[in-house]
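Q: PDB, C-alpha atoms, saved as work29.pdb, coming up:
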```pdb
ATOM      1  CA  MET A 122     -32.630  46.742  10.611
ATOM      2  CA  ASP A 123     -33.596  48.582  13.789
ATOM      3  CA  ARG A 124     -31.992  52.051  14.004
ATOM      4  CA  ASN A 125     -31.041  51.611  17.663
ATOM      5  CA  LYS A 126     -29.329  48.340  16.822
ATOM      6  CA  ILE A 127     -27.312  50.022  14.080
ATOM      7  CA  LEU A 128     -26.243  52.839  16.420
ATOM      8  CA  LYS A 129     -25.343  50.358  19.141
ATOM      9  CA  PHE A 130     -23.264  48.338  16.702
ATOM     10  CA  ALA A 131     -21.551  51.474  15.333
ATOM     11  CA  LEU A 132     -20.678  52.519  18.889
ATOM     12  CA  PHE A 133     -19.219  49.090  19.583
ATOM     13  CA  ILE A 134     -16.957  49.310  16.506
ATOM     14  CA  PHE A 135     -15.886  52.848  17.409
ATOM     15  CA  LEU A 136     -14.987  51.810  20.957
ATOM     16  CA  LEU A 137     -13.130  48.732  19.701
ATOM     17  CA  LEU A 138     -11.000  50.792  17.293
ATOM     18  CA  LEU A 139     -10.443  53.468  19.930
ATOM     19  CA  PHE A 140      -9.283  50.829  22.399
ATOM     20  CA  CYS A 141      -6.849  49.387  19.832
ATOM     21  CA  GLN A 142      -5.258  52.778  19.163
ATOM     22  CA  LEU A 143      -5.117  53.750  22.847
ATOM     23  CA  PHE A 144      -3.576  50.394  23.758
ATOM     24  CA  ARG A 145      -0.904  50.881  21.072
ATOM     25  CA  ILE A 146      -0.154  54.390  22.376
ATOM     26  CA  PHE A 147      -0.054  53.094  25.954
ATOM     27  CA  MET A 148       2.480  50.420  25.009
ATOM     28  CA  VAL A 149       4.659  52.984  23.249
ATOM     29  CA  LYS A 150       4.617  55.269  26.292
ATOM     30  CA  ILE A 151       5.507  52.378  28.608
ATOM     31  CA  VAL A 152       8.473  51.326  26.441
ATOM     32  CA  PHE A 153       9.681  54.916  26.033
ATOM     33  CA  PHE A 154       9.473  55.432  29.800
ATOM     34  CA  SER A 155      11.346  52.179  30.492
ATOM     35  CA  PHE A 156      14.007  52.193  27.769
ATOM     36  CA  GLY A 157      14.064  55.703  26.342
ATOM     37  CA  PHE A 158      12.982  57.152  23.018
ATOM     38  CA  SER A 159      14.152  55.628  19.757
ATOM     39  CA  PHE A 160      12.397  54.556  16.565
ATOM     40  CA  PHE A 161      13.466  50.978  17.260
ATOM     41  CA  ASN A 162      11.854  51.093  20.718
ATOM     42  CA  GLU A 163       8.731  52.554  19.168
ATOM     43  CA  GLN A 164       8.573  49.676  16.683
ATOM     44  CA  LEU A 165       9.172  47.187  19.493
ATOM     45  CA  ALA A 166       6.272  48.639  21.497
ATOM     46  CA  ILE A 167       3.961  48.753  18.477
ATOM     47  CA  SER A 168       4.830  45.161  17.559
ATOM     48  CA  LEU A 169       4.043  43.962  21.082
ATOM     49  CA  ALA A 170       0.765  45.883  21.022
ATOM     50  CA  ILE A 171      -0.205  44.546  17.586
ATOM     51  CA  ILE A 172       0.537  40.935  18.552
ATOM     52  CA  THR A 173      -1.522  41.327  21.739
ATOM     53  CA  LEU A 174      -4.427  42.971  19.901
ATOM     54  CA  THR A 175      -4.394  40.325  17.160
ATOM     55  CA  PHE A 176      -4.664  37.619  19.814
ATOM     56  CA  LEU A 177      -7.503  39.588  21.433
ATOM     57  CA  ILE A 178      -9.426  39.753  18.143
ATOM     58  CA  PHE A 179      -9.014  35.999  17.770
ATOM     59  CA  LEU A 180     -10.485  35.497  21.247
ATOM     60  CA  ILE A 181     -13.396  37.877  20.609
ATOM     61  CA  SER A 182     -14.252  36.282  17.273
ATOM     62  CA  LYS A 183     -14.092  32.806  18.774
ATOM     63  CA  ASN A 184     -16.331  33.862  21.676
ATOM     64  CA  GLU A 185     -18.856  35.386  19.244
ATOM     65  CA  ASN A 186     -18.541  32.476  16.783
ATOM     66  CA  ILE A 187     -17.475  34.788  13.965
ATOM     67  CA  SER A 188     -15.179  33.416  11.287
ATOM     68  CA  LEU A 189     -12.160  35.510  10.356
ATOM     69  CA  SER A 190     -12.110  34.048   6.819
ATOM     70  CA  LEU A 191      -8.399  33.329   6.923
ATOM     71  CA  LYS A 192      -8.246  30.353   4.560
ATOM     72  CA  PRO A 193      -8.968  30.501   0.820
ATOM     73  CA  ASP A 194     -11.719  28.233  -0.484
ATOM     74  CA  PHE A 195      -9.974  26.337  -3.276
ATOM     75  CA  SER A 196     -13.310  25.036  -4.570
ATOM     76  CA  LYS A 197     -14.089  28.660  -5.528
ATOM     77  CA  ASN A 198     -10.620  30.143  -5.990
ATOM     78  CA  SER A 199      -7.593  29.007  -7.997
ATOM     79  CA  LYS A 200      -5.149  27.082  -5.822
ATOM     80  CA  ASN A 201      -2.283  27.606  -8.280
ATOM     81  CA  PHE A 202      -2.867  31.373  -8.297
ATOM     82  CA  TYR A 203      -2.708  31.507  -4.499
ATOM     83  CA  ILE A 204       0.473  29.429  -4.415
ATOM     84  CA  LEU A 205       2.218  31.591  -7.026
ATOM     85  CA  PHE A 206       1.103  34.856  -5.449
ATOM     86  CA  THR A 207       2.215  33.641  -2.009
ATOM     87  CA  LEU A 208       5.645  32.660  -3.360
ATOM     88  CA  PHE A 209       5.953  36.016  -5.124
ATOM     89  CA  THR A 210       5.149  37.863  -1.880
ATOM     90  CA  ILE A 211       7.655  35.779   0.100
ATOM     91  CA  ILE A 212      10.400  36.441  -2.477
ATOM     92  CA  ILE A 213       9.733  40.192  -2.438
ATOM     93  CA  PHE A 214       9.769  40.228   1.366
ATOM     94  CA  ILE A 215      13.014  38.244   1.665
ATOM     95  CA  THR A 216      14.880  40.240  -0.992
ATOM     96  CA  THR A 217      13.758  43.683   0.236
ATOM     97  CA  PRO A 218      16.555  44.092   2.853
ATOM     98  CA  PHE A 219      19.168  43.283   0.206
ATOM     99  CA  ILE A 220      17.619  45.568  -2.416
ATOM    100  CA  THR A 221      17.426  48.459   0.062
ATOM    101  CA  ASN A 222      20.845  47.622   1.530
ATOM    102  CA  SER A 223      19.305  47.301   5.008
ATOM    103  CA  VAL A 224      20.626  43.928   6.123
ATOM    104  CA  ASN A 225      20.801  44.524   9.855
ATOM    105  CA  PHE A 226      18.731  43.462  12.846
ATOM    106  CA  GLY A 227      17.041  46.828  13.413
ATOM    107  CA  SER A 228      15.967  47.311   9.809
ATOM    108  CA  ILE A 229      14.732  43.738   9.439
ATOM    109  CA  PHE A 230      12.788  43.994  12.701
ATOM    110  CA  ILE A 231      11.127  47.217  11.520
ATOM    111  CA  LEU A 232      10.412  45.574   8.144
ATOM    112  CA  ILE A 233       8.686  42.655   9.861
ATOM    113  CA  GLY A 234       6.592  44.993  11.994
ATOM    114  CA  GLY A 235       5.558  47.330   9.205
ATOM    115  CA  THR A 236       5.017  44.826   6.402
ATOM    116  CA  LEU A 237       3.828  41.703   8.240
ATOM    117  CA  LEU A 238       2.438  42.432  11.705
ATOM    118  CA  PHE A 239       0.468  45.531  10.733
ATOM    119  CA  PRO A 240      -1.196  43.998   7.636
ATOM    120  CA  ILE A 241      -2.039  40.785   9.515
ATOM    121  CA  PHE A 242      -3.630  42.721  12.376
ATOM    122  CA  GLU A 243      -5.509  45.185  10.164
ATOM    123  CA  GLU A 244      -6.853  42.544   7.786
ATOM    124  CA  ILE A 245      -7.994  40.309  10.647
ATOM    125  CA  LEU A 246      -9.643  43.303  12.327
ATOM    126  CA  PHE A 247     -11.286  45.042   9.354
ATOM    127  CA  ARG A 248     -11.854  42.469   6.613
ATOM    128  CA  GLY A 249     -12.043  39.546   9.040
ATOM    129  CA  TYR A 250     -13.805  40.365  12.286
ATOM    130  CA  ILE A 251     -15.662  43.613  11.472
ATOM    131  CA  TRP A 252     -16.673  42.548   7.940
ATOM    132  CA  ASN A 253     -17.990  39.156   9.055
ATOM    133  CA  LYS A 254     -19.694  40.603  12.109
ATOM    134  CA  LEU A 255     -21.524  43.032   9.848
ATOM    135  CA  GLU A 256     -22.557  40.157   7.583
ATOM    136  CA  LYS A 257     -23.778  38.215  10.594
ATOM    137  CA  GLU A 258     -25.851  41.243  11.638
ATOM    138  CA  GLY A 259     -27.570  41.241   8.236
ATOM    139  CA  PHE A 260     -25.774  43.989   6.310
ATOM    140  CA  ASN A 261     -25.304  43.381   2.569
ATOM    141  CA  LYS A 262     -21.832  42.987   1.081
ATOM    142  CA  ILE A 263     -21.813  46.245  -0.887
ATOM    143  CA  SER A 264     -22.688  48.253   2.237
ATOM    144  CA  ILE A 265     -19.994  46.418   4.204
ATOM    145  CA  PHE A 266     -17.467  47.001   1.417
ATOM    146  CA  ILE A 267     -18.119  50.771   1.421
ATOM    147  CA  PHE A 268     -18.270  51.005   5.220
ATOM    148  CA  THR A 269     -14.963  49.200   5.757
ATOM    149  CA  ILE A 270     -13.253  51.422   3.167
ATOM    150  CA  LEU A 271     -14.350  54.543   5.037
ATOM    151  CA  LEU A 272     -13.562  52.991   8.404
ATOM    152  CA  PHE A 273     -10.097  51.914   7.299
ATOM    153  CA  GLY A 274      -9.300  55.341   5.882
ATOM    154  CA  PHE A 275     -10.273  57.215   9.033
ATOM    155  CA  TRP A 276      -8.553  54.566  11.170
ATOM    156  CA  HIS A 277      -5.246  56.031  10.011
ATOM    157  CA  LEU A 278      -6.012  59.262  11.857
ATOM    158  CA  GLY A 279      -5.202  57.275  14.991
ATOM    159  CA  TYR A 280      -1.536  57.086  13.991
ATOM    160  CA  ILE A 281      -1.048  60.831  14.432
ATOM    161  CA  ASP A 282       1.126  60.299  17.516
ATOM    162  CA  SER A 283       3.614  58.230  15.511
ATOM    163  CA  ILE A 284       3.537  60.608  12.542
ATOM    164  CA  MET A 285       4.277  63.588  14.805
ATOM    165  CA  LEU A 286       7.578  61.967  15.762
ATOM    166  CA  ARG A 287       8.691  61.896  12.140
ATOM    167  CA  VAL A 288       7.490  65.050  10.386
ATOM    168  CA  PRO A 289       7.636  68.803  11.106
ATOM    169  CA  LEU A 290       4.422  70.227  12.575
ATOM    170  CA  ASN A 291       3.852  72.475   9.540
ATOM    171  CA  ASN A 292       3.709  69.355   7.313
ATOM    172  CA  LEU A 293       1.495  67.396   9.698
ATOM    173  CA  PRO A 294      -1.943  68.263   8.184
ATOM    174  CA  PHE A 295      -0.804  67.267   4.678
ATOM    175  CA  ILE A 296       0.787  64.010   5.867
ATOM    176  CA  ILE A 297      -2.324  63.084   7.867
ATOM    177  CA  GLU A 298      -4.506  63.833   4.856
ATOM    178  CA  MET A 299      -2.348  61.624   2.652
ATOM    179  CA  LYS A 300      -2.423  58.818   5.236
ATOM    180  CA  VAL A 301      -6.220  58.877   5.228
ATOM    181  CA  VAL A 302      -6.416  58.963   1.422
ATOM    182  CA  THR A 303      -3.903  56.109   1.212
ATOM    183  CA  GLY A 304      -6.013  54.202   3.737
ATOM    184  CA  PHE A 305      -9.073  54.660   1.525
ATOM    185  CA  LEU A 306      -7.177  53.400  -1.543
ATOM    186  CA  ILE A 307      -5.757  50.376   0.252
ATOM    187  CA  GLY A 308      -9.228  49.716   1.656
ATOM    188  CA  VAL A 309     -10.634  49.615  -1.870
ATOM    189  CA  MET A 310      -8.022  47.148  -3.121
ATOM    190  CA  VAL A 311      -8.081  44.722  -0.194
ATOM    191  CA  GLY A 312     -11.840  45.169   0.163
ATOM    192  CA  LEU A 313     -12.333  44.093  -3.445
ATOM    193  CA  ALA A 314     -10.181  41.031  -2.766
ATOM    194  CA  LYS A 315     -12.402  40.104   0.212
ATOM    195  CA  TYR A 316     -15.571  40.875  -1.763
ATOM    196  CA  LYS A 317     -14.537  38.624  -4.656
ATOM    197  CA  THR A 318     -12.963  35.724  -2.728
ATOM    198  CA  ASP A 319     -14.848  35.728   0.617
ATOM    199  CA  ASN A 320     -11.543  35.424   2.492
ATOM    200  CA  ILE A 321      -8.844  37.803   3.694
ATOM    201  CA  TYR A 322      -5.828  35.820   2.476
ATOM    202  CA  LEU A 323      -5.492  37.481  -0.936
ATOM    203  CA  GLY A 324      -6.121  40.929   0.539
ATOM    204  CA  LEU A 325      -3.471  40.230   3.173
ATOM    205  CA  LEU A 326      -0.872  39.438   0.504
ATOM    206  CA  ILE A 327      -1.815  42.611  -1.376
ATOM    207  CA  HIS A 328      -1.593  44.632   1.834
ATOM    208  CA  ILE A 329       1.863  43.192   2.604
ATOM    209  CA  LEU A 330       3.137  44.080  -0.875
ATOM    210  CA  ILE A 331       1.719  47.615  -0.653
ATOM    211  CA  ASN A 332       3.478  48.150   2.663
ATOM    212  CA  ILE A 333       6.753  46.774   1.313
ATOM    213  CA  PHE A 334       6.739  48.993  -1.776
ATOM    214  CA  GLY A 335       5.490  51.956   0.242
ATOM    215  CA  ARG A 336       8.429  51.926   2.620
TER     216      ARG A 336
END
```
With the file now loaded, output its structure as structure tokens.
A:
Amino acid sequence: MDRNKILKFALFIFLLLLFCQLFRIFMVKIVFFSFGFSFFNEQLAISLAIITLTFLIFLISKNENISLSLKPDFSKNSKNFYILFTLFTIIIFITTPFITNSVNFGSIFILIGGTLLFPIFEEILFRGYIWNKLEKEGFNKISIFIFTILLFGFWHLGYIDSIMLRVPLNNLPFIIEMKVVTGFLIGVMVGLAKYKTDNIYLGLLIHILINIFGR
């Protein structure tokens, strides 16, 4: 593949991810300015940003005729396995507020944002749009698998603004480092799911469960 084309494509991905993070930060600042600072308001702003960005990725992929690989192919994958794993994920999600004794509107809203909206957006963006765009451009699956792992790990550096609200500054470097490492590990797991199944559905369920148990 032409070197200039690779650099141009890499720049496009960088600008897309930068826009997503800046838009999220912008929404948080707008909500804080309008309603004041609180962790609930932060989650509200992030949720609005994530929903908007997810819709944007859908529009971009449709315009570029790039599949997001949302649906499992039951001719290649076990339908019963998907049904059971989906039910298991739903049960875990529903019972989490009761297990953690957090049955109130604020906690449930934050749970939905952190364990549903974020995984849906990130899987559609990384293992859906970016992965399939790379395939369309002629990259092989192993290269895409490795690239998306690295990309997903470093993507978590963009959440530094949110992390700074929650941890002391002297702990910030360690927390950021752990976020990046965790991003790499999650990228490996969900990337393997996409690599093996050619869809993001299984990886999405795994991502949701990781976020639930990581709370």
Q: Residue by residue, what does the PyMOL selection byres ((chain A and resi 275-287) around 10) grab here? Present the result as a VMD selection string.
A: chain A and resid 135 138 to 139 141 to 143 145 to 146 149 159 to 160 163 to 164 167 243 269 to 274 288 to 290 292 to 294 296 to 305
Q: Using all atoms listed in the file, which of the listed residues (A:Leu177, A:Ile329, A:Leu128, A:Phe219) sits closest to Leu237 of chain A?
A: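 Looking only at the distances to Leu237 of chain A, the closest residue turns out to be A:Ile329.
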Q: A:Gly157, A:Phe239, A:Leu306, A:Asp194: which is nearest Thr173 of chain A, counting all atoms listed in the file?
A: A:Phe239
Q: Between atom CA of Phe147 of chain A and atom CA of Ala166 of chain A, what is the distance, to one decimal in Å?
A: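 Atom-to-atom, atom CA of Phe147 of chain A to atom CA of Ala166 of chain A, that is 8.9 Å.
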Q: For Ala131 of chain A, which of A:Phe268, A:Phe209, A:Phe226, A:Phe161 is the closest residue, counting only C-alpha atoms?
A: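 Using only C-alpha atoms, the shortest distance to Ala131 of chain A belongs to A:Phe268.
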Q: Which residues, protein or nucleic acid, reach to within 12 Å of (-12.6, 41.7, 9.0) in the file's coordinates when using all atoms listed in the file, and can you give that as an MDAnalysis selection string?
A: chainID A and resid 134 175 178:179 182 187:191 240:257 265:266 268:270 272:273 308 311:312 315:316 319:322 324:325
Q: Could you check which of A:Asn201, A:Thr236, A:Ser196, A:Asn291 is closest to Ile215 of chain A, using only C-alpha atoms?
A: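 Comparing A:Asn201, A:Thr236, A:Ser196, A:Asn291 against Ile215 of chain A, the winner is A:Thr236.
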Q: So how far away is atom CA of Phe154 of chain A from atom CA of Phe140 of chain A, in Å?
A: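 Interatomic distance here is 20.7 Å.
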Q: Please, what distance in Å, to one decimal, runs between atom CA of Ile233 of chain A and atom CA of Phe176 of chain A?
A: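 Separating atom CA of Ile233 of chain A from atom CA of Phe176 of chain A is a distance of 17.4 Å.
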Q: Specify the axis-aligned box that encloses all atoms of segment 193-210 of chain A listed in the file after padding of 6 Å on each side, stating its centre and edge lengths in Å to one decimal as AutoDock Vina command-line options.
A:
```
--center_x -4.1 --center_y 31.4 --center_z -3.7 --size_x 32.0 --size_y 24.8 --size_z 21.1
```
Q: I need the residue nearest Ile171 of chain A from this list: A:Gly235, A:Asn125, A:Asn184, A:Phe156. Use all atoms listed in the file for the distance.
A: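 Selected residue with least distance to Ile171 of chain A: A:Gly235.
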Q: Quick check on the file I pasted: which residues fall under the PyMOL selection byres ((chain A and resi 232) around 10)? Write them as a PDB file with C-alpha atoms, keeping the file's coordinate frame.
A:
```
ATOM      1  CA  GLN A 164       8.573  49.676  16.683  1.00  0.00           C
ATOM      2  CA  PHE A 214       9.769  40.228   1.366  1.00  0.00           C
ATOM      3  CA  THR A 217      13.758  43.683   0.236  1.00  0.00           C
ATOM      4  CA  PRO A 218      16.555  44.092   2.853  1.00  0.00           C
ATOM      5  CA  SER A 223      19.305  47.301   5.008  1.00  0.00           C
ATOM      6  CA  PHE A 226      18.731  43.462  12.846  1.00  0.00           C
ATOM      7  CA  GLY A 227      17.041  46.828  13.413  1.00  0.00           C
ATOM      8  CA  SER A 228      15.967  47.311   9.809  1.00  0.00           C
ATOM      9  CA  ILE A 229      14.732  43.738   9.439  1.00  0.00           C
ATOM     10  CA  PHE A 230      12.788  43.994  12.701  1.00  0.00           C
ATOM     11  CA  ILE A 231      11.127  47.217  11.520  1.00  0.00           C
ATOM     12  CA  ILE A 233       8.686  42.655   9.861  1.00  0.00           C
ATOM     13  CA  GLY A 234       6.592  44.993  11.994  1.00  0.00           C
ATOM     14  CA  GLY A 235       5.558  47.330   9.205  1.00  0.00           C
ATOM     15  CA  THR A 236       5.017  44.826   6.402  1.00  0.00           C
ATOM     16  CA  LEU A 237       3.828  41.703   8.240  1.00  0.00           C
ATOM     17  CA  LEU A 238       2.438  42.432  11.705  1.00  0.00           C
ATOM     18  CA  ASN A 332       3.478  48.150   2.663  1.00  0.00           C
ATOM     19  CA  ILE A 333       6.753  46.774   1.313  1.00  0.00           C
ATOM     20  CA  ARG A 336       8.429  51.926   2.620  1.00  0.00           C
TER      21      ARG A 336
END
```
Q: Could you tell me which of A:Ile213, A:Leu137, A:Tyr203, A:Gly259 comes closest to Leu323 of chain A if we count only C-alpha atoms?
A: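 Closest residue, counting only C-alpha atoms: A:Tyr203.
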Q: Scan for residues within 9 Å of the point (0.3, 42.0, -7.5) in the coordinates of the file, using only C-alpha atoms, and reply as a PyMOL selection string.
A: chain A and resi 206+209-210+326-327+330-331
Q: What would segment 126-149 of chain A look like with N, CA and C atoms in place, written as a JSON list (two decimals), in the frame of the given file?
A:
```
[["chain", "number", "residue", "atom", "x", "y", "z"],
["A", 126, "LYS", "N", -30.29, 49.43, 16.93],
["A", 126, "LYS", "CA", -29.33, 48.34, 16.82],
["A", 126, "LYS", "C", -28.13, 48.77, 15.99],
["A", 127, "ILE", "N", -28.40, 49.53, 14.93],
["A", 127, "ILE", "CA", -27.31, 50.02, 14.08],
["A", 127, "ILE", "C", -26.40, 50.97, 14.87],
["A", 128, "LEU", "N", -27.01, 51.89, 15.62],
["A", 128, "LEU", "CA", -26.24, 52.84, 16.42],
["A", 128, "LEU", "C", -25.43, 52.13, 17.50],
["A", 129, "LYS", "N", -26.04, 51.12, 18.11],
["A", 129, "LYS", "CA", -25.34, 50.36, 19.14],
["A", 129, "LYS", "C", -24.15, 49.61, 18.55],
["A", 130, "PHE", "N", -24.35, 49.07, 17.35],
["A", 130, "PHE", "CA", -23.26, 48.34, 16.70],
["A", 130, "PHE", "C", -22.15, 49.29, 16.27],
["A", 131, "ALA", "N", -22.54, 50.47, 15.74],
["A", 131, "ALA", "CA", -21.55, 51.47, 15.33],
["A", 131, "ALA", "C", -20.73, 51.94, 16.53],
["A", 132, "LEU", "N", -21.39, 52.11, 17.67],
["A", 132, "LEU", "CA", -20.68, 52.52, 18.89],
["A", 132, "LEU", "C", -19.70, 51.45, 19.33],
["A", 133, "PHE", "N", -20.10, 50.19, 19.21],
["A", 133, "PHE", "CA", -19.22, 49.09, 19.58],
["A", 133, "PHE", "C", -17.96, 49.10, 18.73],
["A", 134, "ILE", "N", -18.11, 49.29, 17.41],
["A", 134, "ILE", "CA", -16.96, 49.31, 16.51],
["A", 134, "ILE", "C", -16.05, 50.50, 16.83],
["A", 135, "PHE", "N", -16.66, 51.66, 17.06],
["A", 135, "PHE", "CA", -15.89, 52.85, 17.41],
["A", 135, "PHE", "C", -15.07, 52.62, 18.67],
["A", 136, "LEU", "N", -15.69, 52.05, 19.69],
["A", 136, "LEU", "CA", -14.99, 51.81, 20.96],
["A", 136, "LEU", "C", -13.89, 50.76, 20.80],
["A", 137, "LEU", "N", -14.14, 49.76, 19.95],
["A", 137, "LEU", "CA", -13.13, 48.73, 19.70],
["A", 137, "LEU", "C", -11.90, 49.35, 19.03],
["A", 138, "LEU", "N", -12.12, 50.16, 18.00],
["A", 138, "LEU", "CA", -11.00, 50.79, 17.29],
["A", 138, "LEU", "C", -10.28, 51.80, 18.19],
["A", 139, "LEU", "N", -11.05, 52.52, 18.99],
["A", 139, "LEU", "CA", -10.44, 53.47, 19.93],
["A", 139, "LEU", "C", -9.57, 52.73, 20.94],
["A", 140, "PHE", "N", -10.07, 51.62, 21.45],
["A", 140, "PHE", "CA", -9.28, 50.83, 22.40],
["A", 140, "PHE", "C", -7.99, 50.35, 21.76],
["A", 141, "CYS", "N", -8.05, 49.88, 20.52],
["A", 141, "CYS", "CA", -6.85, 49.39, 19.83],
["A", 141, "CYS", "C", -5.80, 50.49, 19.71],
["A", 142, "GLN", "N", -6.22, 51.68, 19.30],
["A", 142, "GLN", "CA", -5.26, 52.78, 19.16],
["A", 142, "GLN", "C", -4.71, 53.22, 20.52],
["A", 143, "LEU", "N", -5.57, 53.32, 21.52],
["A", 143, "LEU", "CA", -5.12, 53.75, 22.85],
["A", 143, "LEU", "C", -4.18, 52.72, 23.47],
["A", 144, "PHE", "N", -4.46, 51.44, 23.23],
["A", 144, "PHE", "CA", -3.58, 50.39, 23.76],
["A", 144, "PHE", "C", -2.21, 50.47, 23.10],
["A", 145, "ARG", "N", -2.18, 50.73, 21.78],
["A", 145, "ARG", "CA", -0.90, 50.88, 21.07],
["A", 145, "ARG", "C", -0.13, 52.07, 21.65],
["A", 146, "ILE", "N", -0.80, 53.20, 21.83],
["A", 146, "ILE", "CA", -0.15, 54.39, 22.38],
["A", 146, "ILE", "C", 0.36, 54.12, 23.79],
["A", 147, "PHE", "N", -0.45, 53.43, 24.58],
["A", 147, "PHE", "CA", -0.05, 53.09, 25.95],
["A", 147, "PHE", "C", 1.22, 52.26, 25.97],
["A", 148, "MET", "N", 1.30, 51.27, 25.08],
["A", 148, "MET", "CA", 2.48, 50.42, 25.01],
["A", 148, "MET", "C", 3.71, 51.23, 24.60],
["A", 149, "VAL", "N", 3.54, 52.14, 23.68],
["A", 149, "VAL", "CA", 4.66, 52.98, 23.25],
["A", 149, "VAL", "C", 5.15, 53.83, 24.41]]
```
